[in-house]
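Here the structure is laid out as structure tokens; the discussion comes afterwards.
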Amino acid sequence: MRGRVDHLDGIRGIAILAVCAVHWIGQRLPGFEGGYIGVDLFFVLSGFIITTLLVKRVQPYGRFLRNRVRRLYPPLVGALMGITALTWLLPDSALSPETPLRHGLVAAVQASSLWITLGGAPIDPFSMTWSLSVEWYFYLLWPLAVLRLRRLPAARAARLTLLAAGGVYLVAAVQPGWWFYYGPLAHTSELLVGAAIAFPLAHGWTPRLRIDGRLLLVAAFTFVALWTTFGSDPYSPAYRLVALPLTVGCAVLFILSGYEARPPGPARLLSWRPLVAAGRISYSLYLWHTLPIVLLSRNWLGLPSITVGVIGIGIAVGGTALSYHLLERPFLRPRGNELSVSREQAAASSIRPRGAHRPERVAAGAPGRGAVLLP
């Protein structure tokens, strides 16, 4: 598919499989509580992708937001409607008929993160939408910051963004566990780390690991697998002080490894077809994957728990397939190659000298004077 980058989709694949592990397995069996770090991988990757597109494209602020709505809302609305209908059909539902409607409205206006944080309770059956709302806060504010940062040399823009990420993380780190995980601050720091590495890469820099890249990647894959399987829940000090920083480092390493002139051998795992396929449907799967939890929480027709789990996963997979093919792919605009770097370009590229500025680009048919343009 034009404009797709396999190793980035592979990172999405790892992330969504980790999240599914904690919800599909960790809810019933010991272990897999650490699969929440999949969301952290998503945040770093999202910050990188969004910032790369902002730096390389010229478009009005309003058009950027409309494109985000066009890309993200059809599957979201479909999931809100479909899961609400299925919740009403489930026998012995613990939710009143009004609850899915009320919580669905909160999710639709992207207020889930603040609702959960301030209210101190999940918004079943749509608690998974908290991460989507955090990203929307980023979409609303970050493009305006990029307007300023794009005028700076890439290295300086990256340093300032990393400095902001560190400051936001330190403020978040003193909050209670519930606030830290579901609130927007800690995860905004992850989005900003991804954004920071986007500036030099968008200006043609090619990463070159100074120590053995293969060893680093093996260590990163091992950490993600071990923490997903044996790690602690996301409200613990171990998560905020150890798992989150290390996961962010792993995400940065995964992203950069695919842009090296000669990617280390283990980087090929990120382009493994099953992972890439999982990554490409990850948004729809994320919206539908919690449905098995709803089914498993009830004695559904007196069936054995494992049978109910299989039924739940089957419905989630079916909902994912319908969402992806009917509500996601038809609204995907043809993407350019902003996220791709040819090997020839990579071999010849480097960061601009200090003080060098990228020439402004003017898009054909750009809005007239007074319009707010994104880079």
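Lettering and numbering for the structure tokens are positional, with chains as A, B, ... in the shown order, residues counted from 1 in each chain, and ligands counted from 1 in the shown order.
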
query = Which residues, written as number ranges by chain, have at least one atom at most 6 Å from stretch 184-191 of chain A, with only C-alpha atoms counted and residues fewer than 2 positions away on the same chain left out?
reply = A: 43-44, 47, 134, 165, 168-169, 172, 193-194

Please dump the current selection as an mmCIF file, in the first residue's frame; keep N, CA, C and O atoms.
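The new file out.cif reads:
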```
data_model
loop_
_atom_site.group_PDB
_atom_site.id
_atom_site.type_symbol
_atom_site.label_atom_id
_atom_site.label_comp_id
_atom_site.auth_asym_id
_atom_site.auth_seq_id
_atom_site.Cartn_x
_atom_site.Cartn_y
_atom_site.Cartn_z
ATOM 1 N N PHE A 43 2.003 5.603 21.567
ATOM 2 C CA PHE A 43 2.128 7.048 21.747
ATOM 3 C C PHE A 43 3.415 7.582 21.127
ATOM 4 O O PHE A 43 3.408 8.618 20.447
ATOM 5 N N VAL A 44 4.531 6.921 21.360
ATOM 6 C CA VAL A 44 5.797 7.387 20.784
ATOM 7 C C VAL A 44 5.720 7.354 19.254
ATOM 8 O O VAL A 44 6.122 8.311 18.572
ATOM 9 N N GLY A 47 3.469 10.213 17.945
ATOM 10 C CA GLY A 47 4.140 11.501 17.970
ATOM 11 C C GLY A 47 5.122 11.655 16.829
ATOM 12 O O GLY A 47 5.228 12.734 16.222
ATOM 13 N N VAL A 134 -6.315 11.383 24.585
ATOM 14 C CA VAL A 134 -4.993 11.967 24.832
ATOM 15 C C VAL A 134 -4.360 12.402 23.514
ATOM 16 O O VAL A 134 -3.774 13.486 23.401
ATOM 17 N N ALA A 165 9.417 17.318 26.820
ATOM 18 C CA ALA A 165 8.975 15.961 27.190
ATOM 19 C C ALA A 165 9.430 15.613 28.599
ATOM 20 O O ALA A 165 8.662 15.073 29.406
ATOM 21 N N VAL A 168 7.362 17.622 31.221
ATOM 22 C CA VAL A 168 5.998 17.106 31.365
ATOM 23 C C VAL A 168 6.006 15.799 32.136
ATOM 24 O O VAL A 168 5.155 15.557 33.009
ATOM 25 N N TYR A 169 6.994 14.944 31.852
ATOM 26 C CA TYR A 169 7.077 13.661 32.557
ATOM 27 C C TYR A 169 7.319 13.867 34.050
ATOM 28 O O TYR A 169 6.705 13.197 34.894
ATOM 29 N N ALA A 172 4.195 14.850 35.728
ATOM 30 C CA ALA A 172 3.267 13.720 35.813
ATOM 31 C C ALA A 172 3.712 12.698 36.852
ATOM 32 O O ALA A 172 2.877 12.038 37.480
ATOM 33 N N VAL A 193 8.467 12.770 22.783
ATOM 34 C CA VAL A 193 9.710 12.064 22.456
ATOM 35 C C VAL A 193 9.667 11.590 20.998
ATOM 36 O O VAL A 193 10.640 11.748 20.247
ATOM 37 N N GLY A 194 8.536 11.013 20.587
ATOM 38 C CA GLY A 194 8.407 10.628 19.192
ATOM 39 C C GLY A 194 8.516 11.822 18.265
ATOM 40 O O GLY A 194 9.134 11.743 17.190
#
```

inquiry  = Taking 2 positions as the minimum chain separation for residues in the same chain, which residues sit within 9 Å of A:Leu76 when counting only C-alpha atoms? Answer as a list in words.
reply    =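 Once the adjacent positions are removed, what remains is Leu72, Tyr73, Pro74, Gly78, Ala79, Leu80, Met81, Ala107, Ala108, Thr129, Ser284, Leu287, Ser323 and Leu327 of chain A.
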
task = DSSP on the backbone, then: every residue of stretch 78-156 of chain A marked helix (DSSP H, G or I), written as a PyMOL selection string.
result = chain A and resi 78-89+98-108+112-119+127-149+154-156

request  = Report the distance between atom CA of A:Gly26 and atom CA of A:Thr222 in Å, rounded to one decimal place.
outcome  =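 These two atoms are separated by 19.0 Å.
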
Nearest candidate to A:Gly38 (options A:Trp142, A:Trp288, A:Trp227, A:Tyr259; using only C-alpha atoms) =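 Smallest distance to A:Gly38 is found for A:Trp227.
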
Find the residues near A:Val39: any atom within 12 Å, counting only C-alpha atoms, skip ones fewer than 5 places away on the same chain, and give them as a PDB file with N, CA, C and O atoms, in the first residue's frame.
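Just written: selection.pdb:
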```pdb
ATOM      1  N   ILE A  11       5.775  -2.055  14.341  1.00  0.00           N
ATOM      2  CA  ILE A  11       5.736  -1.530  15.713  1.00  0.00           C
ATOM      3  C   ILE A  11       4.300  -1.475  16.206  1.00  0.00           C
ATOM      4  O   ILE A  11       4.001  -1.825  17.360  1.00  0.00           O
ATOM      5  N   ARG A  12       3.397  -1.037  15.338  1.00  0.00           N
ATOM      6  CA  ARG A  12       1.970  -1.055  15.715  1.00  0.00           C
ATOM      7  C   ARG A  12       1.523  -2.476  16.048  1.00  0.00           C
ATOM      8  O   ARG A  12       0.736  -2.690  16.969  1.00  0.00           O
ATOM      9  N   GLY A  13       2.004  -3.433  15.260  1.00  0.00           N
ATOM     10  CA  GLY A  13       1.621  -4.818  15.492  1.00  0.00           C
ATOM     11  C   GLY A  13       2.055  -5.309  16.862  1.00  0.00           C
ATOM     12  O   GLY A  13       1.286  -5.952  17.587  1.00  0.00           O
ATOM     13  N   ILE A  14       3.309  -5.018  17.244  1.00  0.00           N
ATOM     14  CA  ILE A  14       3.784  -5.398  18.573  1.00  0.00           C
ATOM     15  C   ILE A  14       2.930  -4.736  19.647  1.00  0.00           C
ATOM     16  O   ILE A  14       2.533  -5.361  20.639  1.00  0.00           O
ATOM     17  N   ALA A  15       2.620  -3.462  19.438  1.00  0.00           N
ATOM     18  CA  ALA A  15       1.857  -2.711  20.435  1.00  0.00           C
ATOM     19  C   ALA A  15       0.464  -3.297  20.629  1.00  0.00           C
ATOM     20  O   ALA A  15       0.016  -3.507  21.766  1.00  0.00           O
ATOM     21  N   ILE A  16      -0.250  -3.566  19.537  1.00  0.00           N
ATOM     22  CA  ILE A  16      -1.630  -4.047  19.683  1.00  0.00           C
ATOM     23  C   ILE A  16      -1.653  -5.461  20.232  1.00  0.00           C
ATOM     24  O   ILE A  16      -2.558  -5.816  21.002  1.00  0.00           O
ATOM     25  N   LEU A  17      -0.666  -6.287  19.900  1.00  0.00           N
ATOM     26  CA  LEU A  17      -0.629  -7.642  20.454  1.00  0.00           C
ATOM     27  C   LEU A  17      -0.367  -7.608  21.955  1.00  0.00           C
ATOM     28  O   LEU A  17      -0.923  -8.416  22.705  1.00  0.00           O
ATOM     29  N   ALA A  18       0.468  -6.678  22.405  1.00  0.00           N
ATOM     30  CA  ALA A  18       0.705  -6.549  23.847  1.00  0.00           C
ATOM     31  C   ALA A  18      -0.568  -6.124  24.565  1.00  0.00           C
ATOM     32  O   ALA A  18      -0.905  -6.656  25.630  1.00  0.00           O
ATOM     33  N   VAL A  19      -1.306  -5.169  23.975  1.00  0.00           N
ATOM     34  CA  VAL A  19      -2.551  -4.710  24.591  1.00  0.00           C
ATOM     35  C   VAL A  19      -3.583  -5.833  24.613  1.00  0.00           C
ATOM     36  O   VAL A  19      -4.291  -6.029  25.614  1.00  0.00           O
ATOM     37  N   CYS A  20      -3.694  -6.569  23.526  1.00  0.00           N
ATOM     38  CA  CYS A  20      -4.631  -7.703  23.497  1.00  0.00           C
ATOM     39  C   CYS A  20      -4.251  -8.761  24.526  1.00  0.00           C
ATOM     40  O   CYS A  20      -5.120  -9.387  25.137  1.00  0.00           O
ATOM     41  N   VAL A  22      -2.883  -8.350  27.493  1.00  0.00           N
ATOM     42  CA  VAL A  22      -3.287  -7.994  28.849  1.00  0.00           C
ATOM     43  C   VAL A  22      -4.796  -8.096  29.019  1.00  0.00           C
ATOM     44  O   VAL A  22      -5.291  -8.455  30.096  1.00  0.00           O
ATOM     45  N   GLY A  34       1.645  -6.578  32.310  1.00  0.00           N
ATOM     46  CA  GLY A  34       2.514  -5.555  31.737  1.00  0.00           C
ATOM     47  C   GLY A  34       2.221  -5.219  30.292  1.00  0.00           C
ATOM     48  O   GLY A  34       2.892  -4.357  29.708  1.00  0.00           O
ATOM     49  N   VAL A  44       4.531   6.921  21.360  1.00  0.00           N
ATOM     50  CA  VAL A  44       5.797   7.387  20.784  1.00  0.00           C
ATOM     51  C   VAL A  44       5.720   7.354  19.254  1.00  0.00           C
ATOM     52  O   VAL A  44       6.122   8.311  18.572  1.00  0.00           O
ATOM     53  N   LEU A  45       5.185   6.268  18.713  1.00  0.00           N
ATOM     54  CA  LEU A  45       5.072   6.152  17.263  1.00  0.00           C
ATOM     55  C   LEU A  45       4.146   7.221  16.696  1.00  0.00           C
ATOM     56  O   LEU A  45       4.431   7.825  15.658  1.00  0.00           O
ATOM     57  N   SER A  46       3.044   7.481  17.372  1.00  0.00           N
ATOM     58  CA  SER A  46       2.108   8.485  16.891  1.00  0.00           C
ATOM     59  C   SER A  46       2.738   9.874  16.882  1.00  0.00           C
ATOM     60  O   SER A  46       2.566  10.651  15.929  1.00  0.00           O
ATOM     61  N   MET A 128     -11.415   1.979  26.628  1.00  0.00           N
ATOM     62  CA  MET A 128     -10.236   1.988  25.754  1.00  0.00           C
ATOM     63  C   MET A 128     -10.067   3.317  25.034  1.00  0.00           C
ATOM     64  O   MET A 128      -8.994   3.633  24.520  1.00  0.00           O
ATOM     65  N   THR A 129     -11.114   4.157  25.000  1.00  0.00           N
ATOM     66  CA  THR A 129     -11.017   5.416  24.262  1.00  0.00           C
ATOM     67  C   THR A 129     -10.230   6.488  25.002  1.00  0.00           C
ATOM     68  O   THR A 129     -10.014   7.570  24.452  1.00  0.00           O
ATOM     69  N   TRP A 130      -9.772   6.210  26.227  1.00  0.00           N
ATOM     70  CA  TRP A 130      -9.006   7.220  26.960  1.00  0.00           C
ATOM     71  C   TRP A 130      -7.742   7.607  26.187  1.00  0.00           C
ATOM     72  O   TRP A 130      -7.356   8.785  26.157  1.00  0.00           O
ATOM     73  N   SER A 131      -7.091   6.626  25.562  1.00  0.00           N
ATOM     74  CA  SER A 131      -5.847   6.927  24.839  1.00  0.00           C
ATOM     75  C   SER A 131      -6.118   7.743  23.578  1.00  0.00           C
ATOM     76  O   SER A 131      -5.290   8.560  23.167  1.00  0.00           O
ATOM     77  N   LEU A 132      -7.278   7.528  22.958  1.00  0.00           N
ATOM     78  CA  LEU A 132      -7.626   8.310  21.771  1.00  0.00           C
ATOM     79  C   LEU A 132      -7.800   9.777  22.134  1.00  0.00           C
ATOM     80  O   LEU A 132      -7.401  10.670  21.371  1.00  0.00           O
ATOM     81  N   VAL A 134      -6.315  11.383  24.585  1.00  0.00           N
ATOM     82  CA  VAL A 134      -4.993  11.967  24.832  1.00  0.00           C
ATOM     83  C   VAL A 134      -4.360  12.402  23.514  1.00  0.00           C
ATOM     84  O   VAL A 134      -3.774  13.486  23.401  1.00  0.00           O
ATOM     85  N   GLU A 135      -4.488  11.562  22.501  1.00  0.00           N
ATOM     86  CA  GLU A 135      -3.936  11.931  21.193  1.00  0.00           C
ATOM     87  C   GLU A 135      -4.644  13.156  20.622  1.00  0.00           C
ATOM     88  O   GLU A 135      -4.014  13.994  19.974  1.00  0.00           O
ATOM     89  N   TYR A 181      -1.497   7.227  34.875  1.00  0.00           N
ATOM     90  CA  TYR A 181      -1.721   6.377  33.706  1.00  0.00           C
ATOM     91  C   TYR A 181      -2.809   6.924  32.786  1.00  0.00           C
ATOM     92  O   TYR A 181      -2.627   6.986  31.562  1.00  0.00           O
ATOM     93  N   TYR A 182      -3.943   7.320  33.335  1.00  0.00           N
ATOM     94  CA  TYR A 182      -5.058   7.740  32.495  1.00  0.00           C
ATOM     95  C   TYR A 182      -5.042   9.233  32.149  1.00  0.00           C
ATOM     96  O   TYR A 182      -5.717   9.660  31.216  1.00  0.00           O
ATOM     97  N   ALA A 186       1.590  12.292  31.323  1.00  0.00           N
ATOM     98  CA  ALA A 186       2.652  11.311  31.128  1.00  0.00           C
ATOM     99  C   ALA A 186       2.727  10.861  29.682  1.00  0.00           C
ATOM    100  O   ALA A 186       3.823  10.714  29.111  1.00  0.00           O
ATOM    101  N   HIS A 187       1.593  10.654  29.064  1.00  0.00           N
ATOM    102  CA  HIS A 187       1.602  10.157  27.693  1.00  0.00           C
ATOM    103  C   HIS A 187       1.882  11.259  26.686  1.00  0.00           C
ATOM    104  O   HIS A 187       2.365  10.986  25.580  1.00  0.00           O
ATOM    105  N   GLU A 190       5.456  11.082  26.087  1.00  0.00           N
ATOM    106  CA  GLU A 190       5.823  10.050  25.109  1.00  0.00           C
ATOM    107  C   GLU A 190       5.595  10.544  23.678  1.00  0.00           C
ATOM    108  O   GLU A 190       6.425  10.318  22.783  1.00  0.00           O
ATOM    109  N   LEU A 191       4.476  11.215  23.462  1.00  0.00           N
ATOM    110  CA  LEU A 191       4.215  11.794  22.146  1.00  0.00           C
ATOM    111  C   LEU A 191       5.317  12.776  21.767  1.00  0.00           C
ATOM    112  O   LEU A 191       5.763  12.820  20.603  1.00  0.00           O
ATOM    113  N   VAL A 224      10.403  -5.885  25.931  1.00  0.00           N
ATOM    114  CA  VAL A 224       8.967  -5.753  25.657  1.00  0.00           C
ATOM    115  C   VAL A 224       8.256  -7.081  25.922  1.00  0.00           C
ATOM    116  O   VAL A 224       7.174  -7.114  26.534  1.00  0.00           O
ATOM    117  N   THR A 228       5.728  -7.472  29.110  1.00  0.00           N
ATOM    118  CA  THR A 228       4.339  -7.799  28.764  1.00  0.00           C
ATOM    119  C   THR A 228       3.872  -9.032  29.520  1.00  0.00           C
ATOM    120  O   THR A 228       2.737  -9.088  30.009  1.00  0.00           O
ATOM    121  N   PRO A 234      -0.126  -0.953  35.525  1.00  0.00           N
ATOM    122  CA  PRO A 234       0.317   0.398  35.157  1.00  0.00           C
ATOM    123  C   PRO A 234       0.161   1.441  36.258  1.00  0.00           C
ATOM    124  O   PRO A 234       0.469   2.611  36.019  1.00  0.00           O
ATOM    125  N   ALA A 243       9.341   0.881  33.630  1.00  0.00           N
ATOM    126  CA  ALA A 243       8.767   0.371  32.384  1.00  0.00           C
ATOM    127  C   ALA A 243       8.515   1.468  31.361  1.00  0.00           C
ATOM    128  O   ALA A 243       8.841   1.318  30.180  1.00  0.00           O
ATOM    129  N   LEU A 244       7.929   2.581  31.797  1.00  0.00           N
ATOM    130  CA  LEU A 244       7.610   3.632  30.824  1.00  0.00           C
ATOM    131  C   LEU A 244       8.870   4.200  30.179  1.00  0.00           C
ATOM    132  O   LEU A 244       8.948   4.266  28.947  1.00  0.00           O
ATOM    133  N   THR A 247      10.333   1.548  27.847  1.00  0.00           N
ATOM    134  CA  THR A 247       9.487   1.321  26.679  1.00  0.00           C
ATOM    135  C   THR A 247       9.634   2.450  25.669  1.00  0.00           C
ATOM    136  O   THR A 247       9.667   2.217  24.450  1.00  0.00           O
ATOM    137  N   VAL A 248       9.713   3.675  26.151  1.00  0.00           N
ATOM    138  CA  VAL A 248       9.941   4.809  25.254  1.00  0.00           C
ATOM    139  C   VAL A 248      11.272   4.635  24.520  1.00  0.00           C
ATOM    140  O   VAL A 248      11.371   4.856  23.313  1.00  0.00           O
ATOM    141  N   ALA A 251      10.828   2.046  21.836  1.00  0.00           N
ATOM    142  CA  ALA A 251      10.074   2.581  20.699  1.00  0.00           C
ATOM    143  C   ALA A 251      10.963   3.440  19.810  1.00  0.00           C
ATOM    144  O   ALA A 251      10.921   3.335  18.575  1.00  0.00           O
ATOM    145  N   SER A 282      -4.583  -2.296  13.406  1.00  0.00           N
ATOM    146  CA  SER A 282      -4.476  -2.092  14.849  1.00  0.00           C
ATOM    147  C   SER A 282      -5.501  -1.101  15.385  1.00  0.00           C
ATOM    148  O   SER A 282      -5.973  -1.261  16.515  1.00  0.00           O
ATOM    149  N   TYR A 283      -5.856  -0.079  14.607  1.00  0.00           N
ATOM    150  CA  TYR A 283      -6.809   0.907  15.121  1.00  0.00           C
ATOM    151  C   TYR A 283      -8.177   0.275  15.321  1.00  0.00           C
ATOM    152  O   TYR A 283      -8.783   0.379  16.397  1.00  0.00           O
ATOM    153  N   TYR A 286      -8.022  -2.230  18.142  1.00  0.00           N
ATOM    154  CA  TYR A 286      -7.994  -1.580  19.453  1.00  0.00           C
ATOM    155  C   TYR A 286      -9.400  -1.177  19.889  1.00  0.00           C
ATOM    156  O   TYR A 286      -9.758  -1.305  21.066  1.00  0.00           O
TER     157      TYR A 286
END
```

request  = Counting only C-alpha atoms, figure out which residue out of A:Gly119, A:Ser236, A:Ile313, A:Leu41 gets nearest to A:Asp9.
outcome  = A:Leu41

task = Please provide the set of residues having any atom within 8 Å of stretch 159-163 of chain A, restricted to only C-alpha atoms, with same-chain residues fewer than 6 positions apart removed, written as a list in words.
result =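 Here the answer would be Leu192, Val193, Ala195 and Ala196 of chain A.
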
message = Report, in Å with one decimal, the straight-line distance from atom CA of A:Ala219 to atom CA of A:Cys250.
response =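 So the two atoms, atom CA of A:Ala219 and atom CA of A:Cys250, lie 8.7 Å apart.
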
message = What's the separation between atom CA of A:Val174 and atom CA of A:Val106, in Å to one decimal place?
response =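 We find that atom CA of A:Val174 and atom CA of A:Val106 lie 26.9 Å from each other.
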
request  = Find the spatial neighbours of A:Arg70, counting only C-alpha atoms, within a cut-off of 12 Å - ignore same-chain residues fewer than 3 positions away - and output them as an NGL selection string.
outcome  = :A and (63-67 or 73-77 or 327-333)

Could you save those same residues with all heavy atoms as a compact mmCIF listing (two decimals), in the first residue's frame?
```txt
# COMPACT_ATOMS: atom_id res chain seq x y z
N ARG A 63 -7.62 22.08 7.92
CA ARG A 63 -7.59 20.90 7.06
C ARG A 63 -6.93 19.74 7.76
O ARG A 63 -7.35 18.58 7.62
CB ARG A 63 -6.86 21.22 5.75
CG ARG A 63 -6.86 20.04 4.76
CD ARG A 63 -6.06 20.37 3.52
NE ARG A 63 -6.56 21.57 2.85
CZ ARG A 63 -5.93 22.17 1.86
NH1 ARG A 63 -4.73 21.74 1.46
NH2 ARG A 63 -6.45 23.24 1.29
N PHE A 64 -5.88 20.02 8.53
CA PHE A 64 -5.23 18.96 9.29
C PHE A 64 -6.22 18.29 10.23
O PHE A 64 -6.30 17.06 10.31
CB PHE A 64 -4.05 19.54 10.08
CG PHE A 64 -3.50 18.61 11.13
CD1 PHE A 64 -2.69 17.55 10.78
CD2 PHE A 64 -3.82 18.79 12.47
CE1 PHE A 64 -2.21 16.68 11.75
CE2 PHE A 64 -3.33 17.94 13.45
CZ PHE A 64 -2.52 16.87 13.09
N LEU A 65 -6.99 19.10 10.96
CA LEU A 65 -7.97 18.53 11.89
C LEU A 65 -9.06 17.78 11.15
O LEU A 65 -9.51 16.71 11.60
CB LEU A 65 -8.57 19.63 12.76
CG LEU A 65 -7.62 20.33 13.73
CD1 LEU A 65 -8.37 21.38 14.54
CD2 LEU A 65 -6.95 19.33 14.66
N ARG A 66 -9.51 18.31 10.02
CA ARG A 66 -10.53 17.59 9.24
C ARG A 66 -10.00 16.24 8.76
O ARG A 66 -10.73 15.24 8.77
CB ARG A 66 -10.98 18.44 8.04
CG ARG A 66 -11.87 19.61 8.42
CD ARG A 66 -12.58 20.16 7.19
NE ARG A 66 -11.65 20.65 6.18
CZ ARG A 66 -11.16 21.88 6.14
NH1 ARG A 66 -11.50 22.76 7.08
NH2 ARG A 66 -10.34 22.24 5.18
N ASN A 67 -8.74 16.21 8.35
CA ASN A 67 -8.16 14.94 7.92
C ASN A 67 -8.09 13.94 9.06
O ASN A 67 -8.30 12.73 8.88
CB ASN A 67 -6.76 15.17 7.35
CG ASN A 67 -6.78 15.87 6.01
OD1 ASN A 67 -7.81 15.89 5.33
ND2 ASN A 67 -5.66 16.44 5.61
N TYR A 73 -12.67 9.06 12.87
CA TYR A 73 -14.02 9.02 13.41
C TYR A 73 -14.93 7.93 12.83
O TYR A 73 -15.75 7.39 13.58
CB TYR A 73 -14.68 10.40 13.31
CG TYR A 73 -14.61 11.13 14.63
CD1 TYR A 73 -13.46 11.82 15.00
CD2 TYR A 73 -15.67 11.10 15.53
CE1 TYR A 73 -13.38 12.47 16.22
CE2 TYR A 73 -15.61 11.75 16.75
CZ TYR A 73 -14.46 12.43 17.08
OH TYR A 73 -14.38 13.06 18.30
N PRO A 74 -14.88 7.60 11.56
CA PRO A 74 -15.78 6.53 11.10
C PRO A 74 -15.62 5.22 11.87
O PRO A 74 -16.63 4.66 12.34
CB PRO A 74 -15.41 6.38 9.61
CG PRO A 74 -14.95 7.74 9.22
CD PRO A 74 -14.19 8.25 10.42
N PRO A 75 -14.40 4.69 12.07
CA PRO A 75 -14.30 3.48 12.89
C PRO A 75 -14.72 3.70 14.33
O PRO A 75 -15.31 2.80 14.95
CB PRO A 75 -12.80 3.12 12.81
CG PRO A 75 -12.31 3.79 11.57
CD PRO A 75 -13.10 5.06 11.48
N LEU A 76 -14.42 4.88 14.88
CA LEU A 76 -14.80 5.15 16.27
C LEU A 76 -16.32 5.16 16.42
O LEU A 76 -16.86 4.52 17.33
CB LEU A 76 -14.22 6.50 16.72
CG LEU A 76 -14.66 6.98 18.11
CD1 LEU A 76 -14.24 6.00 19.19
CD2 LEU A 76 -14.11 8.38 18.39
N VAL A 77 -17.01 5.87 15.55
CA VAL A 77 -18.48 5.92 15.63
C VAL A 77 -19.07 4.54 15.42
O VAL A 77 -20.02 4.13 16.11
CB VAL A 77 -19.04 6.93 14.61
CG1 VAL A 77 -20.56 6.86 14.56
CG2 VAL A 77 -18.59 8.35 14.96
N LEU A 327 -15.20 0.88 7.32
CA LEU A 327 -15.17 2.20 7.94
C LEU A 327 -13.78 2.82 8.01
O LEU A 327 -13.66 4.02 8.30
CB LEU A 327 -15.74 2.12 9.36
CG LEU A 327 -17.18 1.63 9.48
CD1 LEU A 327 -17.57 1.48 10.94
CD2 LEU A 327 -18.12 2.59 8.77
N GLU A 328 -12.74 2.03 7.79
CA GLU A 328 -11.39 2.57 7.88
C GLU A 328 -10.75 2.73 6.51
O GLU A 328 -10.41 3.85 6.09
CB GLU A 328 -10.53 1.68 8.79
CG GLU A 328 -9.18 2.31 9.11
CD GLU A 328 -8.43 1.53 10.18
OE1 GLU A 328 -9.00 0.61 10.80
OE2 GLU A 328 -7.25 1.86 10.40
N ARG A 329 -10.61 1.66 5.76
CA ARG A 329 -9.95 1.74 4.46
C ARG A 329 -10.62 2.71 3.49
O ARG A 329 -9.93 3.46 2.79
CB ARG A 329 -9.85 0.35 3.82
CG ARG A 329 -8.83 -0.55 4.46
CD ARG A 329 -8.50 -1.73 3.60
NE ARG A 329 -7.87 -1.35 2.34
CZ ARG A 329 -7.44 -2.21 1.42
NH1 ARG A 329 -7.60 -3.51 1.61
NH2 ARG A 329 -6.88 -1.79 0.32
N PRO A 330 -11.96 2.73 3.40
CA PRO A 330 -12.58 3.67 2.44
C PRO A 330 -12.27 5.14 2.74
O PRO A 330 -12.37 5.98 1.83
CB PRO A 330 -14.08 3.39 2.59
CG PRO A 330 -14.16 1.99 3.11
CD PRO A 330 -12.98 1.86 4.02
N PHE A 331 -11.91 5.46 3.96
CA PHE A 331 -11.65 6.85 4.33
C PHE A 331 -10.17 7.17 4.42
O PHE A 331 -9.81 8.29 4.80
CB PHE A 331 -12.34 7.17 5.66
CG PHE A 331 -13.83 7.12 5.59
CD1 PHE A 331 -14.52 5.96 5.95
CD2 PHE A 331 -14.56 8.21 5.12
CE1 PHE A 331 -15.90 5.91 5.87
CE2 PHE A 331 -15.94 8.16 5.05
CZ PHE A 331 -16.62 7.01 5.42
N LEU A 332 -9.33 6.21 4.08
CA LEU A 332 -7.90 6.47 4.08
C LEU A 332 -7.53 7.23 2.82
O LEU A 332 -7.74 6.74 1.71
CB LEU A 332 -7.11 5.16 4.14
CG LEU A 332 -7.15 4.37 5.45
CD1 LEU A 332 -6.42 3.05 5.30
CD2 LEU A 332 -6.53 5.19 6.57
N ARG A 333 -7.00 8.42 2.98
CA ARG A 333 -6.57 9.19 1.82
C ARG A 333 -5.26 8.63 1.31
O ARG A 333 -4.44 8.12 2.08
CB ARG A 333 -6.38 10.66 2.21
CG ARG A 333 -7.64 11.32 2.73
CD ARG A 333 -7.38 12.77 3.06
NE ARG A 333 -6.99 13.53 1.88
CZ ARG A 333 -6.50 14.76 1.92
NH1 ARG A 333 -6.32 15.35 3.08
NH2 ARG A 333 -6.20 15.39 0.82
```

task = Would you mind telling me which residue in A:Ala111, A:Ser271, A:Trp179, A:Leu339 lies nearest to A:Tyr235 when using only C-alpha atoms?
result = A:Trp179

request  = Select, from A:Ala277, A:Val252, A:Val146, A:Ile306, the residue with the minimum atom-to-atom distance to A:Val58, counting only C-alpha atoms.
outcome  =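 That would be A:Val146, the residue with the smallest distance to A:Val58.
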